[in-house]
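Next comes target.cif, with mmCIF, C-alpha atoms.
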data_structure
loop_
_atom_site.label_atom_id
_atom_site.label_comp_id
_atom_site.auth_asym_id
_atom_site.auth_seq_id
_atom_site.Cartn_x
_atom_site.Cartn_y
_atom_site.Cartn_z
CA MET A 78 0.00 0.00 0.00
CA ASP A 79 1.17 3.53 -0.77
CA PHE A 80 0.46 6.60 1.29
CA LEU A 81 0.20 9.79 -0.77
CA ARG A 82 0.45 13.10 1.06
CA PRO A 83 -0.34 16.05 -1.20
CA THR A 84 -0.09 19.43 0.49
CA THR A 85 -2.00 21.45 -2.12
CA TRP A 86 -5.17 20.88 -4.14
CA GLU A 87 -3.15 20.79 -7.39
CA GLU A 88 -0.92 18.07 -5.94
CA ALA A 89 -3.99 16.16 -4.80
CA LEU A 90 -5.54 16.27 -8.30
CA ALA A 91 -2.25 15.20 -9.83
CA ALA A 92 -1.96 12.31 -7.39
CA LYS A 93 -5.52 11.15 -8.17
CA ALA A 94 -4.91 11.47 -11.94
CA ASP A 95 -1.72 9.41 -11.72
CA ARG A 96 -3.17 6.92 -9.26
CA PRO A 97 -6.92 6.52 -9.93
CA ASP A 98 -6.84 3.49 -7.61
CA ALA A 99 -5.88 5.66 -4.63
CA VAL A 100 -8.65 5.96 -2.04
CA PRO A 101 -9.05 9.51 -0.71
CA ILE A 102 -9.01 9.67 3.09
CA GLN A 103 -10.07 12.68 5.13
CA GLY A 104 -11.49 11.97 8.60
CA GLY A 105 -11.01 8.23 8.16
CA THR A 106 -14.33 7.49 9.83
CA ASP A 107 -15.39 5.27 6.91
CA VAL A 108 -12.13 4.34 5.19
CA MET A 109 -10.24 3.27 8.31
CA VAL A 110 -13.16 1.14 9.53
CA GLU A 111 -12.97 -0.85 6.30
CA ILE A 112 -9.19 -1.22 6.55
CA ASN A 113 -9.30 -2.15 10.24
CA MET A 114 -11.99 -4.77 9.56
CA ASP A 115 -10.05 -6.05 6.54
CA VAL A 116 -12.95 -5.58 4.15
CA ARG A 117 -10.86 -3.35 1.94
CA ARG A 118 -7.17 -3.16 1.11
CA PRO A 119 -6.71 -0.17 -1.21
CA ALA A 120 -3.57 0.01 -3.35
CA ALA A 121 -2.96 3.52 -2.05
CA LEU A 122 -4.38 6.02 0.42
CA LEU A 123 -4.60 9.65 -0.67
CA ASP A 124 -4.51 11.70 2.53
CA LEU A 125 -6.30 15.03 2.10
CA ASN A 126 -5.64 16.31 5.63
CA GLN A 127 -2.91 18.70 4.53
CA VAL A 128 -4.96 20.40 1.80
CA ALA A 129 -6.01 23.37 3.90
CA GLU A 130 -8.46 24.90 1.42
CA LEU A 131 -10.73 21.84 1.76
CA ARG A 132 -11.42 22.91 5.33
CA GLU A 133 -12.73 26.37 4.39
CA TRP A 134 -16.24 27.55 3.63
CA ALA A 135 -17.34 30.86 2.12
CA MET A 136 -20.26 32.67 0.56
CA VAL A 137 -19.73 32.93 -3.18
CA GLY A 138 -21.53 34.78 -5.98
CA GLY A 139 -24.74 36.78 -5.72
CA THR A 140 -25.11 40.24 -4.32
CA VAL A 141 -23.63 40.20 -0.87
CA SER A 142 -25.61 42.50 1.38
CA GLY A 143 -23.70 42.17 4.61
CA THR A 144 -25.14 39.21 6.45
CA VAL A 145 -25.17 35.61 5.41
CA GLY A 146 -28.96 35.48 5.39
CA GLY A 147 -29.11 38.61 3.29
CA THR A 148 -27.02 37.24 0.46
CA ALA A 149 -29.18 37.41 -2.63
CA GLY A 150 -28.54 34.62 -5.10
CA GLY A 151 -25.28 33.65 -3.44
CA MET A 152 -24.21 30.14 -2.59
CA CYS A 153 -22.57 28.75 0.48
CA ARG A 154 -19.52 26.83 -0.73
CA VAL A 155 -18.52 24.30 1.88
CA GLY A 156 -15.11 22.67 1.50
CA ALA A 157 -15.26 18.89 1.31
CA ALA A 158 -13.25 18.47 4.51
CA VAL A 159 -15.06 20.92 6.81
CA PRO A 160 -15.80 18.64 9.76
CA TYR A 161 -19.37 18.15 11.01
CA ALA A 162 -18.46 19.84 14.31
CA ARG A 163 -17.76 23.07 12.44
CA ILE A 164 -20.87 22.79 10.27
CA ILE A 165 -22.90 22.62 13.49
CA GLU A 166 -21.11 25.60 15.02
CA GLU A 167 -20.66 27.85 12.02
CA LEU A 168 -23.30 26.97 9.43
CA ALA A 169 -26.52 26.37 11.40
CA GLY A 170 -27.75 29.79 10.19
CA PRO A 171 -27.41 29.48 6.42
CA LEU A 172 -27.65 25.67 6.26
CA PRO A 173 -29.99 24.60 9.07
CA GLY A 174 -30.96 21.26 7.49
CA LEU A 175 -27.37 20.16 7.00
CA ALA A 176 -26.40 21.37 10.48
CA GLN A 177 -29.28 19.40 12.04
CA ALA A 178 -28.20 16.27 10.21
CA ALA A 179 -24.58 16.87 11.26
CA ARG A 180 -25.71 16.90 14.91
CA THR A 181 -26.93 13.32 14.53
CA VAL A 182 -23.67 11.96 13.10
CA GLY A 183 -21.88 9.48 15.36
CA SER A 184 -20.17 10.81 18.48
CA PRO A 185 -18.34 14.09 19.16
CA GLN A 186 -15.11 12.31 18.20
CA ILE A 187 -16.60 11.29 14.85
CA ARG A 188 -18.08 14.76 14.26
CA ASN A 189 -14.62 16.23 14.84
CA ARG A 190 -13.25 14.23 11.92
CA GLY A 191 -16.08 13.28 9.57
CA SER A 192 -17.02 15.60 6.71
CA VAL A 193 -19.59 16.05 3.97
CA GLY A 194 -16.91 15.27 1.38
CA GLY A 195 -16.28 11.93 3.02
CA ASN A 196 -20.01 11.21 3.24
CA LEU A 197 -20.40 11.97 -0.48
CA GLY A 198 -17.30 10.00 -1.41
CA ALA A 199 -18.57 6.93 0.43
CA ALA A 200 -22.07 7.45 -1.06
CA SER A 201 -23.67 5.14 1.48
CA PRO A 202 -27.47 5.38 1.29
CA ALA A 203 -27.40 5.88 5.07
CA GLY A 204 -25.08 8.92 5.04
CA ASP A 205 -26.69 11.61 7.17
CA SER A 206 -25.71 14.58 5.00
CA HIS A 207 -27.39 13.30 1.83
CA PRO A 208 -31.09 14.04 2.60
CA PRO A 209 -30.55 17.72 3.54
CA LEU A 210 -28.29 18.21 0.49
CA LEU A 211 -31.03 16.79 -1.75
CA ALA A 212 -33.77 18.86 -0.09
CA ALA A 213 -31.75 22.06 -0.43
CA GLY A 214 -30.78 21.38 -4.06
CA ALA A 215 -27.06 21.22 -3.37
CA VAL A 216 -24.49 20.87 -6.13
CA VAL A 217 -21.28 18.85 -5.77
CA GLU A 218 -18.09 20.47 -7.08
CA ALA A 219 -15.79 17.77 -8.42
CA GLU A 220 -12.51 18.32 -10.19
CA SER A 221 -9.96 16.37 -12.19
CA ARG A 222 -6.60 17.41 -13.49
CA GLU A 223 -7.50 16.56 -17.09
CA ARG A 224 -11.03 17.97 -17.36
CA GLY A 225 -11.20 20.64 -14.69
CA VAL A 226 -14.23 21.43 -12.57
CA ARG A 227 -17.56 19.62 -12.94
CA MET A 228 -20.69 20.68 -11.09
CA ILE A 229 -22.91 17.70 -10.26
CA PRO A 230 -26.41 18.30 -8.83
CA ALA A 231 -26.89 16.19 -5.70
CA ASP A 232 -29.81 14.28 -7.24
CA GLU A 233 -27.57 13.16 -10.10
CA PHE A 234 -24.64 12.30 -7.84
CA TYR A 235 -25.88 9.07 -6.25
CA LEU A 236 -25.91 6.15 -8.69
CA GLY A 237 -26.22 3.04 -6.53
CA VAL A 238 -25.30 1.55 -3.18
CA LYS A 239 -21.94 3.20 -2.42
CA ARG A 240 -21.66 4.25 -6.07
CA SER A 241 -21.52 7.88 -7.17
CA ALA A 242 -21.09 9.89 -10.37
CA LEU A 243 -17.50 10.63 -9.40
CA GLU A 244 -14.93 9.55 -12.02
CA PRO A 245 -11.82 7.63 -10.88
CA ASP A 246 -9.57 10.65 -11.47
CA GLU A 247 -11.89 13.13 -9.74
CA LEU A 248 -11.90 14.47 -6.21
CA ILE A 249 -14.73 16.25 -4.39
CA ARG A 250 -13.66 19.79 -3.66
CA ALA A 251 -16.80 21.34 -2.14
CA VAL A 252 -20.57 21.37 -2.04
CA HIS A 253 -22.55 24.44 -3.04
CA VAL A 254 -25.76 24.99 -1.11
CA ARG A 255 -28.07 27.97 -1.39
CA PRO A 256 -28.53 29.54 2.07
CA ALA A 257 -31.95 28.66 3.48
CA THR A 258 -34.75 31.04 2.55
CA GLY A 259 -37.26 29.06 4.60
CA PRO A 260 -37.44 26.48 7.39
CA GLN A 261 -35.50 23.22 7.02
CA TYR A 262 -35.74 20.07 9.12
CA PHE A 263 -33.99 16.72 9.34
CA SER A 264 -35.40 13.67 11.06
CA LYS A 265 -33.73 10.34 11.67
CA VAL A 266 -34.82 7.02 13.12
CA GLY A 267 -32.15 5.10 15.01
CA THR A 268 -32.13 2.30 17.52
CA ARG A 269 -30.99 4.65 20.28
CA ASN A 270 -30.57 8.39 20.69
CA ALA A 271 -26.85 8.74 20.14
CA MET A 272 -24.17 7.11 18.01
CA VAL A 273 -26.38 5.40 15.48
CA ILE A 274 -26.38 4.87 11.79
CA ALA A 275 -29.79 5.79 10.35
CA VAL A 276 -32.46 3.12 10.08
CA CYS A 277 -33.96 5.74 7.79
CA SER A 278 -34.00 9.51 7.62
CA PHE A 279 -35.84 12.37 5.97
CA ALA A 280 -35.08 16.02 5.21
CA ILE A 281 -37.35 18.83 4.15
CA ALA A 282 -36.59 22.35 2.95
CA LEU A 283 -39.20 25.03 2.26
CA HIS A 284 -38.32 27.41 -0.57
CA PRO A 285 -41.03 30.07 -0.13
CA GLY A 286 -39.65 32.31 -2.88
CA GLU A 287 -40.21 29.56 -5.45
CA ARG A 288 -43.29 28.16 -3.70
CA ARG A 289 -41.52 24.82 -3.66
CA VAL A 290 -40.69 22.19 -1.07
CA GLY A 291 -37.54 20.07 -1.36
CA THR A 292 -37.27 16.56 0.06
CA GLY A 293 -34.53 14.01 0.73
CA ILE A 294 -34.94 10.37 1.76
CA GLY A 295 -32.06 8.56 3.46
CA SER A 296 -31.39 4.86 4.05
CA ALA A 297 -34.66 3.74 2.46
CA ALA A 298 -33.58 3.05 -1.14
CA PRO A 299 -30.37 1.96 -2.92
CA THR A 300 -29.42 5.63 -3.05
CA PRO A 301 -30.45 8.75 -1.18
CA ARG A 302 -33.28 10.20 -3.26
CA ARG A 303 -35.91 12.92 -3.50
CA ALA A 304 -39.63 12.21 -3.28
CA LEU A 305 -40.43 13.87 -6.60
CA GLU A 306 -44.18 13.20 -6.75
CA ALA A 307 -44.55 14.44 -3.20
CA GLU A 308 -42.68 17.63 -4.10
CA GLU A 309 -44.93 18.10 -7.16
CA LEU A 310 -48.03 17.62 -5.06
CA LEU A 311 -47.04 20.42 -2.70
CA ALA A 312 -45.92 22.69 -5.55
CA ARG A 313 -49.38 22.25 -7.05
CA GLU A 314 -51.66 22.33 -4.03
CA LEU A 315 -49.98 24.07 -1.10
CA ASP A 316 -51.54 27.39 -0.06
CA TRP A 317 -48.53 29.29 1.32
CA THR A 318 -50.69 31.65 3.38
CA ALA A 319 -52.94 29.14 5.13
CA PRO A 320 -52.57 26.54 7.88
CA LEU A 321 -51.52 23.13 6.62
CA ASP A 322 -54.42 21.06 5.29
CA PRO A 323 -54.29 17.72 7.16
CA ALA A 324 -55.47 15.82 4.08
CA LEU A 325 -52.70 17.33 1.99
CA SER A 326 -50.14 16.54 4.68
CA ARG A 327 -51.35 12.94 4.74
CA ARG A 328 -51.05 12.60 0.97
CA PHE A 329 -47.58 14.14 1.14
CA GLY A 330 -46.58 11.48 3.68
CA GLU A 331 -48.04 8.72 1.51
CA LEU A 332 -46.17 9.91 -1.60
CA CYS A 333 -42.89 10.20 0.34
CA ALA A 334 -43.38 6.67 1.66
CA ALA A 335 -44.16 5.51 -1.88
CA ALA A 336 -40.91 7.05 -3.11
CA ALA A 337 -38.92 4.86 -0.71
CA ALA A 338 -37.69 1.47 -1.91
CA PRO A 339 -35.96 -0.04 1.11
CA ILE A 340 -34.76 -3.53 1.89
CA ASP A 341 -34.97 -5.66 5.03
CA ASP A 342 -31.61 -5.60 6.78
CA VAL A 343 -30.05 -5.84 10.23
CA ARG A 344 -31.17 -2.33 11.13
CA GLY A 345 -34.80 -2.51 10.09
CA LYS A 346 -37.52 -4.09 7.99
CA ALA A 347 -38.44 -2.58 4.64
CA ALA A 348 -42.07 -2.22 5.72
CA TYR A 349 -41.04 -0.37 8.86
CA ARG A 350 -38.82 2.00 6.90
CA VAL A 351 -41.62 2.81 4.42
CA HIS A 352 -43.95 3.54 7.32
CA ALA A 353 -41.36 5.65 9.15
CA ILE A 354 -40.57 7.73 6.04
CA GLY A 355 -44.27 8.61 5.77
CA VAL A 356 -44.41 9.61 9.43
CA MET A 357 -41.21 11.67 9.28
CA ALA A 358 -42.37 13.39 6.09
CA ARG A 359 -45.64 14.50 7.71
CA ARG A 360 -43.92 15.57 10.93
CA THR A 361 -41.10 17.54 9.35
CA LEU A 362 -43.59 19.24 7.03
CA ALA A 363 -45.68 20.26 10.06
CA TRP A 364 -42.62 21.56 11.94
CA ALA A 365 -41.44 23.52 8.91
CA TRP A 366 -44.94 24.81 8.19
CA ASN A 367 -45.43 26.08 11.74
CA ASP A 368 -42.12 27.95 11.46
CA HIS A 369 -43.16 29.34 8.08
CA LEU A 370 -46.48 30.67 9.37
CA GLY A 371 -44.76 32.02 12.47
CA ARG A 372 -42.29 33.95 10.34
CA ARG A 373 -45.09 35.34 8.18
CA ALA A 374 -46.95 36.50 11.29
CA ALA A 375 -43.86 38.08 12.84
CA MET B 87 7.05 4.32 5.96
CA ARG B 88 8.39 6.54 8.71
CA VAL B 89 6.05 8.69 10.80
CA THR B 90 7.42 11.55 12.86
CA PHE B 91 5.07 13.25 15.29
CA THR B 92 4.87 14.71 18.77
CA VAL B 93 3.28 12.72 21.58
CA ASN B 94 2.68 14.29 24.97
CA GLY B 95 5.26 16.95 24.15
CA ARG B 96 7.95 14.53 22.99
CA GLU B 97 9.01 13.93 19.40
CA GLU B 98 8.52 10.31 18.36
CA ILE B 99 9.74 8.55 15.25
CA ALA B 100 8.01 5.35 14.20
CA ASP B 101 9.69 3.29 11.49
CA ASP B 102 8.39 0.53 9.23
CA VAL B 103 4.83 1.68 9.72
CA TRP B 104 2.39 -0.09 7.39
CA GLU B 105 0.43 2.49 5.36
CA GLY B 106 -2.93 1.11 6.48
CA GLU B 107 -1.97 1.16 10.14
CA SER B 108 -3.92 3.29 12.61
CA LEU B 109 -2.55 5.94 14.92
CA LEU B 110 -3.84 3.77 17.77
CA TYR B 111 -1.64 0.86 16.71
CA VAL B 112 1.39 3.11 16.37
CA LEU B 113 0.82 4.55 19.84
CA ARG B 114 0.35 1.17 21.52
CA GLU B 115 2.72 -1.09 19.64
CA ARG B 116 5.48 1.21 18.38
CA VAL B 117 5.63 4.13 20.80
CA GLY B 118 4.90 2.02 23.89
CA LEU B 119 1.89 3.98 25.13
CA PRO B 120 -0.79 1.37 25.88
CA GLY B 121 -3.10 3.81 27.67
CA SER B 122 -5.38 4.25 24.67
CA LYS B 123 -7.32 1.01 24.41
CA ASN B 124 -8.04 -1.05 21.33
CA ALA B 125 -11.57 -2.38 21.37
CA CYS B 126 -13.93 -1.91 18.44
CA GLU B 127 -11.60 -0.46 15.79
CA GLN B 128 -14.60 1.23 14.17
CA GLY B 129 -15.08 4.41 16.14
CA GLU B 130 -18.03 3.13 18.15
CA CYS B 131 -16.59 2.64 21.64
CA GLY B 132 -14.37 5.69 22.19
CA SER B 133 -11.80 3.78 24.25
CA CYS B 134 -8.99 4.89 21.90
CA THR B 135 -9.80 8.62 22.16
CA VAL B 136 -6.76 10.93 22.04
CA TYR B 137 -6.24 14.58 21.23
CA LEU B 138 -4.97 15.21 17.69
CA ASP B 139 -3.83 18.83 17.42
CA GLY B 140 -6.03 19.56 20.44
CA VAL B 141 -9.19 17.89 19.08
CA PRO B 142 -10.48 14.60 20.53
CA VAL B 143 -10.58 11.86 17.91
CA CYS B 144 -10.82 8.09 17.75
CA SER B 145 -7.19 7.16 17.15
CA CYS B 146 -8.29 3.88 15.55
CA LEU B 147 -9.74 5.91 12.67
CA VAL B 148 -6.69 8.11 12.09
CA ALA B 149 -4.33 6.62 9.53
CA ALA B 150 -0.82 6.64 11.00
CA GLY B 151 0.46 8.76 8.12
CA GLN B 152 -2.13 11.41 8.94
CA ALA B 153 -0.36 12.06 12.24
CA GLU B 154 2.84 13.10 10.46
CA GLY B 155 4.11 16.36 11.92
CA ARG B 156 1.14 16.69 14.25
CA GLN B 157 0.59 16.89 18.02
CA VAL B 158 -0.95 13.95 19.86
CA ARG B 159 -1.90 13.94 23.53
CA THR B 160 -2.90 10.65 25.08
CA VAL B 161 -4.27 9.73 28.50
CA GLU B 162 -0.64 9.32 29.61
CA GLY B 163 -0.18 13.03 28.92
CA LEU B 164 -3.00 14.26 31.16
CA ALA B 165 -1.27 13.93 34.54
CA GLU B 166 1.56 16.25 35.50
CA GLU B 167 4.38 14.11 36.86
CA ASP B 168 2.86 12.43 39.92
CA ARG B 169 -0.14 14.72 40.16
CA LEU B 170 -3.29 13.39 38.55
CA ASP B 171 -5.31 15.69 36.35
CA PRO B 172 -8.49 16.87 38.15
CA VAL B 173 -10.58 14.64 35.88
CA GLN B 174 -8.51 11.59 36.77
CA GLN B 175 -8.66 12.47 40.48
CA ALA B 176 -12.45 12.84 40.33
CA PHE B 177 -12.82 9.47 38.54
CA VAL B 178 -10.85 7.80 41.34
CA GLU B 179 -12.77 9.50 44.13
CA CYS B 180 -16.22 8.91 42.64
CA GLY B 181 -15.67 5.23 41.88
CA ALA B 182 -16.05 5.96 38.17
CA VAL B 183 -13.40 3.35 37.38
CA GLN B 184 -14.26 -0.32 37.46
CA CYS B 185 -12.51 -2.62 35.00
CA GLY B 186 -10.81 0.47 33.61
CA PHE B 187 -10.88 -0.43 29.95
CA CYS B 188 -13.06 2.50 28.86
CA THR B 189 -11.44 4.90 31.34
CA PRO B 190 -8.63 6.38 29.20
CA GLY B 191 -11.04 7.36 26.43
CA LEU B 192 -13.57 8.74 28.90
CA LEU B 193 -10.85 10.77 30.63
CA VAL B 194 -9.69 12.41 27.42
CA GLN B 195 -13.24 13.16 26.27
CA ALA B 196 -14.23 14.50 29.72
CA HIS B 197 -11.00 16.52 29.89
CA ASP B 198 -11.95 18.18 26.59
CA LEU B 199 -15.51 18.85 27.74
CA ILE B 200 -14.56 20.69 30.91
CA ALA B 201 -11.86 22.61 29.06
CA ARG B 202 -14.56 23.94 26.71
CA VAL B 203 -17.59 24.19 29.02
CA GLU B 204 -17.18 25.59 32.52
CA ARG B 205 -20.17 24.00 34.22
CA PRO B 206 -21.58 21.41 31.82
CA SER B 207 -25.18 20.32 32.39
CA ASP B 208 -25.94 16.62 32.74
CA ALA B 209 -27.30 16.69 29.21
CA GLU B 210 -24.05 18.19 27.95
CA ILE B 211 -22.03 15.57 29.83
CA ARG B 212 -24.14 12.74 28.40
CA GLU B 213 -23.84 14.21 24.91
CA ALA B 214 -20.06 14.62 25.21
CA LEU B 215 -19.65 11.03 26.41
CA ALA B 216 -22.15 9.51 23.98
CA GLY B 217 -19.34 7.94 21.97
CA ASN B 218 -17.63 6.29 24.94
CA LEU B 219 -19.01 2.90 25.90
CA CYS B 220 -18.65 1.47 29.41
CA ARG B 221 -19.91 -2.00 30.27
CA CYS B 222 -19.41 -1.87 34.08
CA THR B 223 -20.26 1.39 35.78
CA GLY B 224 -23.74 2.18 34.56
CA TYR B 225 -22.37 5.66 33.79
CA GLU B 226 -23.84 7.37 36.87
CA LYS B 227 -20.49 7.44 38.70
CA ILE B 228 -18.80 8.68 35.55
CA ILE B 229 -21.24 11.56 35.16
CA GLU B 230 -20.79 12.33 38.87
CA ALA B 231 -17.01 12.42 38.39
CA VAL B 232 -17.21 14.78 35.42
CA ARG B 233 -19.54 17.05 37.42
CA LEU B 234 -17.08 17.05 40.36
CA ALA B 235 -14.05 17.73 38.15
CA ALA B 236 -15.87 20.59 36.44
CA GLU B 237 -16.90 22.11 39.77
CA ARG B 238 -13.37 21.95 41.15
CA LYS B 239 -11.92 23.37 37.97
CA ALA B 240 -14.42 26.24 37.97
CA ALA B 241 -13.80 26.92 41.66
CA ALA B 242 -10.05 26.99 41.10
CA GLY B 243 -10.68 29.55 38.34
#
Target encoding structure tokens, full file:
Amino acid sequence: MDFLRPTTWEEALAAKADRPDAVPIQGGTDVMVEINMDVRRPAALLDLNQVAELREWAMVGGTVSGTVGGTAGGMCRVGAAVPYARIIEELAGPLPGLAQAARTVGSPQIRNRGSVGGNLGAASPAGDSHPPLLAAGAVVEAESRERGVRMIPADEFYLGVKRSALEPDELIRAVHVRPATGPQYFSKVGTRNAMVIAVCSFAIALHPGERRVGTGIGSAAPTPRRALEAEELLARELDWTAPLDPALSRRFGELCAAAAAPIDDVRGKAAYRVHAIGVMARRTLAWAWNDHLGRRAA
Amino acid sequence: MRVTFTVNGREEIADDVWEGESLLYVLRERVGLPGSKNACEQGECGSCTVYLDGVPVCSCLVAAGQAEGRQVRTVEGLAEEDRLDPVQQAFVECGAVQCGFCTPGLLVQAHDLIARVERPSDAEIREALAGNLCRCTGYEKIIEAVRLAAERKAAAG
């Protein structure tokens, strides 16, 4: 096994181009587990810890009007290696859905090391960052030495169980997420309160400006995915000035559940996951809707 | 490969390190610091917790090469000479140590908590220790010890 230690992004891209079989390692919270358990023996590890720019986030583009929330049209560009602990501390304002999901990741030790880039790279259907990224319409910034930067929408990124749209010579540099313009919630079912991988999870993001609701389903299909029909239902029938219609909420839950395609496994039965997705969809919609009406009234 | 890093203030050089090796293995088997315990090797039990550049991490999930040039502080580096760190002292006094296997990880994680939060609430203590499993104590004595250490530290200013 080789251990590659680039110190700049250019060196990292060159290393990945020359050694497409090298496995990128950031926090190690996925990669090292596989090596320790002897389920994987990569030809090379590509350590990204020394590439400092991967640990930065910034507001980019748009008309910056002082505060993060006031950025019109701008995007929050989060470096692939920004650890969950910092997303919770620094990005709960602009990216509340992602920050909520980050709070549910593993233990403090894991949140100190794990990152969205690692979650995306592993592309496990159970990764906690995927549903809020889908709901918020995030875009993955990938780059290769030969072809430069490629922007991949989150809902085109996940291709199968632990398979993503990333090419062998590409590395994930950042995710671009529009700062929240409405309430966002993340909900997760686990077998205990702390330190659990999701049995299933659900994220919702209200986009009042576009009169649209984004969704993300986790750990209830081969890939994280949106509930498209459920989103279309709300886009068509939601009255953004009125209290939530219980019948509409119920149909939303049913369509979210129908969008799930889980399997039975050690963590839960498929039927349970389908049921739980429906419940979480209704609940998160209600939480978000109450916030939305509260903000309108304020 | 060779890994050069600082452990508890002392420079250490580890030779012939396998590239897939963990920092935990290097600490225990090459540097001779067996304080950090090897249990689950998947980041679930917290018994291998050490500081890496001042941040608590599971050393079983840090690739040895990732420690190159960096600062590690293990449970062995908490006490000053013969004087136990206040967290260690409180664990002893409260009976928070039984078989002792989880203790090093709990000490490092608790040490970090009370360094960051002056008087942590019980909820904050439970949250901070959520990644550290103990199969003997039932946790109550541990939480009591963290509370006591925090109080003493706050009182000492």
Using all atoms listed in the file, find each residue of chain A with at least one atom at most 10 Å away from an atom of chain B; report its shortest atom-to-atom pair and that distance in Å (one decimal), sort the rows by chain and rising residue number, and return the result as a Markdown table.
| residue | atom | partner | partner_atom | distance |
| --- | --- | --- | --- | --- |
| A:Met78 | CA | B:Glu105 | CA | 5.9 |
| A:Asp79 | CA | B:Glu105 | CA | 6.3 |
| A:Phe80 | CA | B:Glu105 | CA | 5.8 |
| A:Leu81 | CA | B:Gly151 | CA | 9.0 |
| A:Arg82 | CA | B:Gly151 | CA | 8.3 |
| A:Ile102 | CA | B:Ala149 | CA | 8.5 |
| A:Gln103 | CA | B:Gln152 | CA | 8.9 |
| A:Gly104 | CA | B:Val148 | CA | 7.1 |
| A:Gly105 | CA | B:Leu147 | CA | 5.2 |
| A:Thr106 | CA | B:Leu147 | CA | 5.6 |
| A:Asp107 | CA | B:Leu147 | CA | 8.1 |
| A:Val108 | CA | B:Leu147 | CA | 8.0 |
| A:Met109 | CA | B:Leu147 | CA | 5.1 |
| A:Val110 | CA | B:Gln128 | CA | 4.9 |
| A:Glu111 | CA | B:Gln128 | CA | 8.3 |
| A:Ile112 | CA | B:Gly106 | CA | 6.7 |
| A:Asn113 | CA | B:Glu127 | CA | 6.2 |
| A:Met114 | CA | B:Glu127 | CA | 7.6 |
| A:Arg118 | CA | B:Gly106 | CA | 8.1 |
| A:Pro119 | CA | B:Gly106 | CA | 8.7 |
| A:Ala120 | CA | B:Glu105 | CA | 9.9 |
| A:Ala121 | CA | B:Glu105 | CA | 8.2 |
| A:Leu122 | CA | B:Glu105 | CA | 7.7 |
| A:Asp124 | CA | B:Gln152 | CA | 6.8 |
| A:Leu125 | CA | B:Gln152 | CA | 8.8 |
| A:Asn126 | CA | B:Gln152 | CA | 6.9 |
| A:Gln127 | CA | B:Gln152 | CA | 8.6 |
| A:Gly183 | CA | B:Gly217 | CA | 7.2 |
| A:Ser184 | CA | B:Gly217 | CA | 4.6 |
| A:Pro185 | CA | B:Ala214 | CA | 6.3 |
| A:Gln186 | CA | B:Val143 | CA | 4.6 |
| A:Ile187 | CA | B:Val143 | CA | 6.8 |
| A:Arg188 | CA | B:Val143 | CA | 8.8 |
| A:Asn189 | CA | B:Val143 | CA | 6.7 |
| A:Arg190 | CA | B:Val143 | CA | 7.0 |
| A:Asn270 | CA | B:Ala216 | CA | 9.1 |
| A:Ala271 | CA | B:Ala216 | CA | 6.1 |
| A:Met272 | CA | B:Gly217 | CA | 6.3 |
| A:Val273 | CA | B:Glu130 | CA | 9.1 |
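You will find atom CA of A:Arg360 at 13.4 Å from atom CA of A:Ala324.
Put simply, the PyMOL selection byres ((chain B and resi 162) around 10) in this file takes in B:Val93, B:Asn94, B:Leu119, B:Pro120, B:Gly121, B:Ser122, B:Val136, B:Arg159, B:Thr160, B:Val161, B:Gly163, B:Leu164, B:Ala165, B:Glu166, B:Pro190, B:Val194.
With distances taken over all atoms listed in the file, B:Arg205 is the one residue among B:Lys123, B:Arg221, B:Arg156, B:Arg205 lying closest to B:Glu237.
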Test item: residues at most 8 Å from stretch 204-213 of chain A, only C-alpha atoms, excluding those fewer than 4 positions along its chain, as a PyMOL selection string: chain A and resi 174-175+178-179+181-182+193+196-197+200+231-232+254-255+257+262-263+274-275+278-282+290-296+301-303
Separation of atom CA of A:Ser201 from atom CA of A:Lys239, in Å and rounded to one decimal: 4.7 Å
Selection dump of the PyMOL selection byres ((chain B and resi 230) around 12), as a list in words: Val173, Ala176, Phe177, Val178, Glu179, Cys180, Gly181, Ala182, Val183, Ala196, Pro206, Ser207, Asp208, Ile211, Arg212, Thr223, Gly224, Tyr225, Glu226, Lys227, Ile228, Ile229, Ala231, Val232, Arg233, Leu234, Ala235, Ala236 and Glu237 of chain B
